[in-house]
$ cat upload_26.cif   # mmCIF, C-alpha atoms
data_protein
loop_
_atom_site.label_atom_id
_atom_site.label_comp_id
_atom_site.auth_asym_id
_atom_site.auth_seq_id
_atom_site.Cartn_x
_atom_site.Cartn_y
_atom_site.Cartn_z
CA MET A 1 93.44 155.00 -13.29
CA ILE A 2 91.39 153.62 -10.40
CA LYS A 3 89.70 150.32 -11.23
CA ALA A 4 86.86 148.62 -9.41
CA GLU A 5 87.12 144.86 -9.20
CA ILE A 6 84.20 142.81 -10.57
CA ILE A 7 83.16 140.39 -7.88
CA PRO A 8 81.32 137.18 -8.94
CA GLY A 9 77.65 137.43 -7.99
CA MET A 10 77.67 141.24 -7.91
CA PRO A 11 74.15 142.55 -8.70
CA PRO A 12 73.65 144.28 -12.06
CA GLY A 13 74.61 147.96 -11.89
CA ALA A 14 76.65 147.50 -8.71
CA PHE A 15 79.94 147.65 -10.62
CA ALA A 16 79.12 151.10 -11.97
CA ARG A 17 78.09 152.36 -8.54
CA ARG A 18 81.32 150.92 -7.01
CA ALA A 19 83.49 152.70 -9.59
CA ARG A 20 81.68 156.02 -9.04
CA ASN A 21 82.01 155.80 -5.26
CA LEU A 22 85.65 154.71 -5.23
CA ALA A 23 87.16 157.55 -7.22
CA PRO A 24 85.87 160.48 -5.13
CA ALA A 25 86.84 158.78 -1.85
CA SER A 26 90.40 158.16 -3.04
CA ALA A 27 90.74 161.69 -4.34
CA LEU A 28 89.53 163.10 -1.03
CA ALA A 29 92.05 160.98 0.88
CA VAL A 30 94.92 162.24 -1.27
CA LEU A 31 93.80 165.85 -0.93
CA ALA A 32 93.51 165.50 2.86
CA ALA A 33 97.02 164.07 3.09
CA LEU A 34 98.44 166.88 0.97
CA ALA A 35 96.63 169.48 3.05
CA GLY A 36 98.05 167.98 6.22
CA CYS A 37 101.59 168.09 4.86
CA ALA A 38 101.20 171.67 3.66
CA GLY A 39 100.00 172.78 7.10
CA SER A 40 102.87 171.19 9.07
CA PRO A 41 105.70 173.57 10.04
CA PRO A 42 109.20 172.54 8.91
CA VAL A 43 111.30 170.62 11.42
CA ARG A 44 114.58 172.28 12.50
CA TYR A 45 117.47 170.12 13.70
CA TYR A 46 120.15 171.27 16.14
CA THR A 47 123.40 169.94 17.58
CA LEU A 48 125.06 170.49 20.95
CA THR A 49 128.52 170.61 19.37
CA ALA A 50 129.27 174.32 19.18
CA PRO A 51 131.25 175.77 16.26
CA VAL A 52 134.95 176.24 16.98
CA GLN A 53 135.56 179.90 17.80
CA ALA A 54 138.08 181.84 15.77
CA GLY A 55 141.43 182.06 17.53
CA LYS A 56 140.74 179.01 19.68
CA SER A 57 143.33 176.31 19.17
CA ALA A 58 144.47 173.13 20.84
CA PRO A 59 147.55 173.14 23.10
CA ALA A 60 150.80 173.41 21.13
CA ALA A 61 152.35 170.35 22.81
CA PRO A 62 149.95 167.37 23.04
CA ALA A 63 149.93 165.59 26.41
CA ASN A 64 151.30 162.07 26.69
CA TYR A 65 147.99 160.46 27.61
CA ALA A 66 144.51 159.92 26.15
CA ILE A 67 140.94 160.16 27.38
CA GLU A 68 137.97 157.85 27.04
CA VAL A 69 134.61 159.62 27.23
CA ALA A 70 132.01 157.06 28.26
CA PRO A 71 128.36 157.20 27.13
CA VAL A 72 126.47 159.94 28.95
CA SER A 73 123.32 159.14 30.91
CA VAL A 74 120.40 161.60 30.92
CA PRO A 75 117.05 161.71 32.76
CA ALA A 76 114.10 160.09 31.00
CA GLN A 77 112.17 163.36 30.73
CA ALA A 78 115.02 164.92 28.73
CA ASP A 79 115.88 161.86 26.61
CA LEU A 80 113.59 162.80 23.73
CA PRO A 81 114.20 163.89 20.12
CA GLN A 82 112.51 167.24 20.77
CA LEU A 83 113.94 170.25 22.59
CA MET A 84 112.33 170.56 26.01
CA LEU A 85 111.30 174.01 27.25
CA ARG A 86 110.66 174.70 30.93
CA SER A 87 107.88 177.05 32.08
CA GLY A 88 107.91 179.13 35.24
CA SER A 89 105.73 176.55 37.00
CA GLY A 90 108.24 173.79 36.21
CA GLU A 91 106.23 172.27 33.35
CA LEU A 92 108.29 170.78 30.50
CA THR A 93 106.96 171.12 26.96
CA ALA A 94 108.29 169.23 23.94
CA GLN A 95 108.96 171.40 20.86
CA TYR A 96 107.97 169.10 18.01
CA SER A 97 109.35 171.36 15.27
CA ASP A 98 112.74 171.77 17.02
CA ARG A 99 114.72 168.56 17.45
CA TRP A 100 118.22 167.29 18.17
CA SER A 101 120.13 165.91 15.21
CA GLY A 102 120.77 162.69 17.13
CA PRO A 103 119.83 161.01 20.43
CA LEU A 104 120.48 163.43 23.29
CA PRO A 105 122.94 161.11 25.12
CA SER A 106 125.03 160.89 21.92
CA GLU A 107 124.82 164.64 21.35
CA LEU A 108 126.10 165.27 24.88
CA ARG A 109 128.91 162.71 24.65
CA ASN A 110 130.10 163.99 21.29
CA ALA A 111 130.00 167.64 22.42
CA LEU A 112 131.90 166.88 25.63
CA SER A 113 134.46 164.81 23.72
CA MET A 114 135.05 167.69 21.32
CA VAL A 115 135.60 170.17 24.18
CA LEU A 116 137.90 167.83 26.12
CA THR A 117 140.07 166.80 23.18
CA ARG A 118 140.59 170.42 22.14
CA GLN A 119 141.14 171.68 25.68
CA LEU A 120 143.60 168.93 26.58
CA GLY A 121 145.19 168.31 23.19
CA VAL A 122 144.65 164.55 23.50
CA PRO A 123 142.62 161.96 21.57
CA ASP A 124 139.40 160.31 22.71
CA VAL A 125 140.11 156.59 22.33
CA ARG A 126 136.61 155.31 23.03
CA GLY A 127 136.06 152.27 20.82
CA LEU A 128 139.76 152.10 19.94
CA ALA A 129 142.67 150.21 21.43
CA PRO A 130 145.15 152.80 22.77
CA SER A 131 148.85 152.46 22.11
CA PRO A 132 150.58 150.07 24.55
CA GLY A 133 151.70 151.95 27.65
CA LEU A 134 149.66 155.08 26.87
CA PRO A 135 147.89 156.28 30.05
CA VAL A 136 144.13 156.73 29.62
CA TRP A 137 141.76 158.81 31.74
CA ARG A 138 138.11 157.76 31.70
CA VAL A 139 135.43 160.47 31.87
CA GLN A 140 131.95 159.48 33.05
CA VAL A 141 129.02 161.92 33.17
CA ASP A 142 125.54 161.43 34.63
CA VAL A 143 123.20 164.33 33.82
CA GLN A 144 120.36 164.79 36.30
CA ARG A 145 118.86 167.89 34.70
CA PHE A 146 119.04 169.31 31.19
CA ASP A 147 116.50 171.95 30.15
CA ALA A 148 116.00 175.63 29.37
CA SER A 149 113.37 178.30 28.91
CA THR A 150 113.12 181.17 26.44
CA ALA A 151 113.48 183.53 29.42
CA GLY A 152 116.57 181.62 30.58
CA PRO A 153 118.62 180.14 31.91
CA ALA A 154 119.74 176.90 30.28
CA VAL A 155 120.54 174.49 33.12
CA ILE A 156 122.71 171.40 33.45
CA ASP A 157 123.00 169.49 36.71
CA ALA A 158 125.57 166.71 36.39
CA THR A 159 127.60 164.33 38.47
CA TRP A 160 130.86 163.36 36.82
CA ARG A 161 133.99 161.34 37.47
CA VAL A 162 137.49 161.27 36.04
CA ARG A 163 139.74 158.35 36.88
CA PRO A 164 142.85 156.69 35.48
CA LEU A 165 142.50 153.27 33.91
CA GLN A 166 146.08 152.28 34.71
CA GLY A 167 146.31 153.55 38.29
CA MET A 168 148.57 156.50 37.42
CA GLY A 169 146.78 158.95 39.74
CA ALA A 170 143.77 159.57 41.95
CA GLY A 171 140.24 159.74 40.64
CA LEU A 172 137.86 162.61 41.32
CA LEU A 173 134.05 162.56 41.70
CA CYS A 174 132.25 165.91 41.43
CA ARG A 175 128.81 167.44 41.06
CA SER A 176 128.39 170.65 39.08
CA ARG A 177 125.54 172.96 38.18
CA ILE A 178 125.80 175.20 35.12
CA GLU A 179 123.39 178.03 34.29
CA THR A 180 123.83 180.05 31.10
CA PRO A 181 121.63 183.00 30.07
CA VAL A 182 119.31 182.80 27.07
CA THR A 183 119.19 185.94 24.95
CA MET A 184 116.09 185.82 22.75
CA PRO A 185 115.76 188.54 20.07
CA ALA A 186 112.68 190.70 20.62
CA GLY A 187 109.60 189.13 19.04
CA SER A 188 111.47 186.00 17.96
CA THR A 189 110.09 182.48 18.36
CA ASP A 190 113.20 180.82 16.92
CA LEU A 191 114.90 178.59 19.49
CA GLU A 192 118.45 179.15 18.19
CA ALA A 193 119.24 181.32 21.23
CA VAL A 194 118.15 178.48 23.54
CA VAL A 195 120.41 176.03 21.71
CA VAL A 196 123.37 178.44 21.87
CA ALA A 197 122.90 178.72 25.65
CA GLU A 198 122.77 174.92 25.97
CA GLN A 199 125.89 174.57 23.81
CA LYS A 200 127.69 177.02 26.10
CA ALA A 201 126.56 175.13 29.22
CA VAL A 202 127.92 171.85 27.80
CA ALA A 203 131.19 173.56 26.84
CA LEU A 204 131.62 174.95 30.37
CA LEU A 205 130.97 171.51 31.84
CA GLY A 206 133.60 170.04 29.51
CA GLN A 207 136.15 172.72 30.41
CA THR A 208 135.56 172.13 34.12
CA ILE A 209 136.04 168.38 33.66
CA ALA A 210 139.21 169.08 31.66
CA SER A 211 140.68 170.93 34.65
CA ALA A 212 140.28 167.78 36.75
CA VAL A 213 142.12 165.67 34.17
CA GLN A 214 144.88 168.29 33.90
CA SER A 215 145.39 168.15 37.68
CA GLN A 216 145.66 164.34 37.49
CA GLY A 217 142.47 164.02 39.52
CA ARG A 218 143.59 166.18 42.44
CA GLN A 219 141.12 169.05 42.01
CA ALA A 220 138.66 170.71 39.63
CA ALA A 221 138.28 174.40 38.84
CA ALA A 222 135.02 175.96 37.70
CA ALA A 223 135.46 177.17 34.12
CA SER A 224 133.29 180.24 34.70
CA ALA A 225 131.22 182.08 37.27
CA MET A 226 128.27 180.32 35.62
CA VAL A 227 129.58 176.99 36.99
CA ARG A 228 128.90 176.04 40.60
CA MET A 229 130.98 173.25 42.10
CA LEU A 230 128.56 171.62 44.51
CA GLN A 231 130.81 168.82 45.71
CA CYS A 232 134.08 167.05 44.92
CA THR A 233 135.53 163.96 46.59
CA ARG A 234 138.57 161.83 45.87
#

$ encode --input "upload_26.cif" --output "structure tokens"
Amino acid sequence: MIKAEIIPGMPPGAFARRARNLAPASALAVLAALAGCAGSPPVRYYTLTAPVQAGKSAPAAPANYAIEVAPVSVPAQADLPQLMLRSGSGELTAQYSDRWSGPLPSELRNALSMVLTRQLGVPDVRGLAPSPGLPVWRVQVDVQRFDASTAGPAVIDATWRVRPLQGMGAGLLCRSRIETPVTMPAGSTDLEAVVVAEQKAVALLGQTIASAVQSQGRQAAAASAMVRMLQCTR
């Protein structure tokens, strides 16, 4: 029950008027809040870590080294909870009902770590002390562009480095551009197809980086025709 407080010195009859005025205002506020909630579309959350494909397995014989995937840096315009869609004119629009399940830098690091550990058959020891004498390769990624459009493609521009922490081989610094097609079902407004294309782009980046670690930093091989190797230096 809503109660009106009696204030000392309140004129006669004012208490009754205060009680009558308070109840409708409160009821209207509650109804407005409920109407706002009912009209809001549900929020969908996505991850960049793609499901493991059937038949895909890690190497049978694990390598005798480990990797350390450092935090990934992303441009400020992409570092938002919402998915960002690019228009033909280059405008970026935030999709407030479609969001990443975690901060984008963490999503990228975790997805790359998953690809690398499966591709190489080695652990990611970030945050852990590796076994004494175990060689460790550090992977650093700086993303300059990360966006997509419903007409495609999903695009990642990234500069990345692999280097040994114990001086067991040469390091390699490369820049790659990945473009993956977006296949939207006819008449659909669901952004699942955009996310799948972005997952694939991240996976191809991870596979390309894995080739550099496998070569002990001597060279890198594009994982697909959708990957362009723009530059590599040792």

$ axis_aligned_box --input "upload_26.cif" --around "range 38-47 of chain A" --padding-each-side "4 Å" --output "AutoDock Vina command-line options"
--center_x 111.7 --center_y 171.8 --center_z 10.6 --size_x 31.4 --size_y 11.6 --size_z 21.9

$ residues_around --input "upload_26.cif" --residues "Pro132 in chain A" --least-positions-apart "5" --cutoff "12 Å" --atoms "all atoms listed in the file" --output "list of chain:residue names"
A:Tyr65, A:Ala66, A:Gln166

$ resolve_selection --input "upload_26.cif" --expression "the PyMOL selection byres ((chain A and resi 93-110) around 7)" --output "PyMOL selection string"
chain A and resi 41-48+69+71-74+79-86+91-92+111-114

$ closest_residue --input "upload_26.cif" --among "A:Pro153, A:Gly217, A:Gly171, A:Pro123" --to "Ala193 in chain A" --atoms "all atoms listed in the file"
A:Pro153

$ resolve_selection --input "upload_26.cif" --expression "the PyMOL selection byres ((chain A and resi 201) around 8)" --output "JSON, numbers by chain"
{"A": [154, 155, 156, 178, 179, 180, 197, 198, 199, 200, 202, 203, 204, 205]}

$ atom_distance --input "upload_26.cif" --atom1 "CA of Thr150 in chain A" --atom2 "CA of Ala186 in chain A"
11.2 Å

$ closest_residue --input "upload_26.cif" --among "A:Ala212, A:Leu230, A:Ile67, A:Val136" --to "Asp157 in chain A" --atoms "only C-alpha atoms"
A:Leu230

$ closest_residue --input "upload_26.cif" --among "A:Ala221, A:Ala70, A:Val162, A:Ala78" --to "Arg234 in chain A" --atoms "all atoms listed in the file"
A:Val162
